[in-house]
Structure formats: structure tokens, C-alpha cells
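*Asks:* Okay, here's the structure, questions in a sec.
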Amino acid sequence: MSAEMASGASRRVLLVKLRHIGDALLGTAVATALKAWAPECRVTYLVPAGSEELLALCPDVDIVLTVERRASRNGLVEYLAGQWELLRTLRRGDYDLALDLGGGDRSAFLAWWSGAPTRIGTAATHERGRHRTRLYTLVVTRDVLAHTVQQDLEVLRAAGIAAETASIRLRISGGLAHQAAARLEA
């Protein structure tokens with residue numbers, strides 16, 4: 001890792017977690033830890049489409065980008081155009097650091113494509129030789145027995161950012177809280 005990253009001078013961080021909405025929500029703990037470490041850093045979070053409204057409530061995530069899992073009813077051409085636009089957006093992000101919290105082939109490729117000079121991802125012990133691990137500058141061996149938040153924070157620690165624990169924070173407006181309470185009472 002560069003001295004710039006260790007000093008907190010990093011300005012743009014890309015988090016990638018292309019799993020389910022609950023996994024993506026748990027990954028916001030990394031954003032919280034990043035903001036505690038360097039409040040001025042800009043955190044972009046790349047997640048599956050359908051997660052964006054929930055993750056937009058996290059005050060520690062500055063930008064939410066989404067990936068479509070597959071072509072929709074709109075057709076293959078629109079799907080591919082959307083994927084191309086995502087690739088262009090990632091390349092223009094000028095990220096200092098990309099953290100792949102999910103450890104899949106697609107997320108590894110997207111972290112690599114971002115052009116971040118430091119790209120850290122995870123792999124289980126038996127996956128260490130897979131081709132996707134070559135897309136990272138550093139690979140963290142995933143502790144499959146650890147809680148998801150701890151696995152994600154381990155990726156952050158590999159970047160030289162000390163974080164033993166971090167909260168999952170959501171900013172819920174009074175109106176939204178009232179709506180939720182009304183639905184629970186019904």
C-alpha cells in the first residue's frame with residue numbers, strides 16, 4: 001500500500017459488494033470505518049440493482065452505483081448499454097483504492113476495471129490460485145467462520161486502515177420512520 005493511503009490522503013474509495021441486499025447493507029460498516037479514519041474521503045459503493053434505495057440511507061456512502069444482474073424485459077441491447085455506461089463511470093471515478101468485499105469474478109473484474117492502483121479482494125484458501133485473484137494487488141484469505149462484517153473489515157485492515165469494529169448506520173427521516181411504524185401497527 002502506498003504511503004499516501006496509509007497517511008489518510010486517499011480521496012476516492014470504491015467498495016464493491018455484488019451479493020444480496022443484506023450483505024450489501026452489512027458492507028456499509030466498511031464505509032463507516034473509512035469515514036471514521038478519513039472523514040474527507042469519498043466513498044462510492046457498487047451494489048446489485050435493487051439495493052440502492054436502502055444504501056442511500058447510509059450517511060457514510062457518498063455515491064451508490066448499481067449493477068444489473070441480468071438483462072431485463074427491456075432487452076439485451078439496453079442491458080449491454082447500461083453495463084457499458086457503468087464501466088465508463090467506474091473508469092472516470094479516479095479511485096485511489098478499490099475494496100472488493102464479495103470476492104466474486106465479476107466484482108474482481110469491476111474493481112480492476114476501475115483503474116484503482118490499490119485493489120484488495122478476498123479469496124478462500126482453496127481459491128488463491130484462481131485467475132480473478134490476479135486482478136487484485138493484494139488478496140486477503142477469507143475466514144469463512146467469521147461474521148460477514150469482520151470479513152469485510154479484514155479487507156479494510158489489509159489496506160492499512162485499523163478498524164476492529166464499525167457500526168452499520170442508516171439515516172432514517174421522521175416521515176419514513178412514521179410510515180414504517182404505521183405499517184407495523186397494521
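Chain labels run A, B, ... following the order of the C-alpha cells; each chain numbers its residues from 1, and ligands are numbered from 1 in the order shown.
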So which bits of region 87-161 of chain A end up alpha helix (DSSP H) when you DSSP the backbone, as a VMD selection string?

*Replies:* chain A and resid 87 to 92 105 to 113 148 to 158

*Asks:* Can you list, as a PyMOL selection string, every residue of region 111-172 of chain A that DSSP puts in strand (DSSP E or B)?

*Replies:* chain A and resi 118-123+138-141

*Asks:* Suppose you want the space between CA of Pro117 (chain A) and CA of Arg91 (chain A); what is it in Å?

*Replies:*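 CA of Arg91 (chain A) lies at a distance of 12.0 Å from CA of Pro117 (chain A).
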
*Asks:* For Arg42 (chain A), which of A:Gly160, A:Gly175, A:Gly22, A:Gly93 is the closest residue, counting only C-alpha atoms?

*Replies:* A:Gly93

*Asks:* Taking only C-alpha atoms into account, which of A:Glu185, A:Asp152, A:Asp94, A:Glu85 comes nearest Ala111 (chain A)?

*Replies:*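 For Ala111 (chain A), the nearest of the candidates is A:Asp94.
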
*Asks:* Taking only C-alpha atoms into account, which of A:Thr118, A:Val155, A:Ala36, A:Arg106 comes nearest Glu68 (chain A)?

*Replies:* A:Arg106

*Asks:* Calculate how many Å separate CA of Ile63 (chain A) from CA of Tyr95 (chain A), rounding to one decimal.

*Replies:*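 Pair CA of Ile63 (chain A) / CA of Tyr95 (chain A) returns 12.6 Å.
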
*Asks:* Counting only C-alpha atoms, which residue out of A:Gly103, A:Leu110, A:Leu138, A:Ala29 sits closest to Ala124 (chain A)?

*Replies:*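 Ranking A:Gly103, A:Leu110, A:Leu138, A:Ala29 by distance to Ala124 (chain A), first place goes to A:Gly103.
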
*Asks:* Would you list the contacts of Ala158 (chain A) as a list in words, taking every protein, DNA or RNA residue within 10 Å and counting only C-alpha atoms, but skipping same-chain residues closer than 3 positions in sequence?

*Replies:*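 Near neighbours after the sequence-gap exclusion: Met1, Leu99, Ile120, Gly121, Leu138, Val139, Val140, Leu153, Glu154, Val155, Ile161 and Ala162 of chain A.
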
*Asks:* I need the chosen residues saved as a PDB file, in the first residue's frame, with C-alpha atoms.

*Replies:*
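Wrote selection07.pdb, looks like this:
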ATOM      1  CA  MET A   1       0.000   0.000   0.000  1.00  0.00           C
ATOM      2  CA  LEU A  99     -12.078  -2.936  -1.973  1.00  0.00           C
ATOM      3  CA  ILE A 120      -7.830  -5.594  -2.456  1.00  0.00           C
ATOM      4  CA  GLY A 121     -10.149  -8.568  -2.543  1.00  0.00           C
ATOM      5  CA  LEU A 138      -3.484  -7.803  -2.594  1.00  0.00           C
ATOM      6  CA  VAL A 139      -5.572 -10.866  -1.727  1.00  0.00           C
ATOM      7  CA  VAL A 140      -6.947 -11.453   1.762  1.00  0.00           C
ATOM      8  CA  LEU A 153     -13.289  -5.177   7.830  1.00  0.00           C
ATOM      9  CA  GLU A 154     -10.389  -7.572   7.252  1.00  0.00           C
ATOM     10  CA  VAL A 155     -10.222  -6.292   3.667  1.00  0.00           C
ATOM     11  CA  ILE A 161      -6.690   1.089   7.945  1.00  0.00           C
ATOM     12  CA  ALA A 162      -7.173  -0.137  11.502  1.00  0.00           C
TER      13      ALA A 162
END

*Asks:* Just the number, please: distance in Å from CA of Lys17 (chain A) to CA of Val77 (chain A), one decimal.

*Replies:* 24.9 Å

*Asks:* Using only C-alpha atoms, which residues sit within 12 Å of Cys41 (chain A) once same-chain residues fewer than 4 positions away are excluded, as a PyMOL selection string?

*Replies:* chain A and resi 5+8-14+31-37+60-63+95-97

*Asks:* I need the residue nearest Arg88 (chain A) from this list: A:Ala146, A:Leu65, A:Leu57, A:Ala108. Use only C-alpha atoms for the distance.

*Replies:*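 Smallest separation from Arg88 (chain A) among the options: A:Leu65.
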
*Asks:* For Ala49 (chain A), find every residue with an atom within 6 Å (counting only C-alpha atoms), except residues of its own chain fewer than 2 positions away, and show them as a PyMOL selection string.

*Replies:* chain A and resi 51+66-68

*Asks:* Looking at only C-alpha atoms, which of A:Val149, A:Pro59, A:Trp113, A:Glu164 is the one that sits closest to Trp84 (chain A)?

*Replies:*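 For Trp84 (chain A), the nearest of the given residues is A:Trp113.
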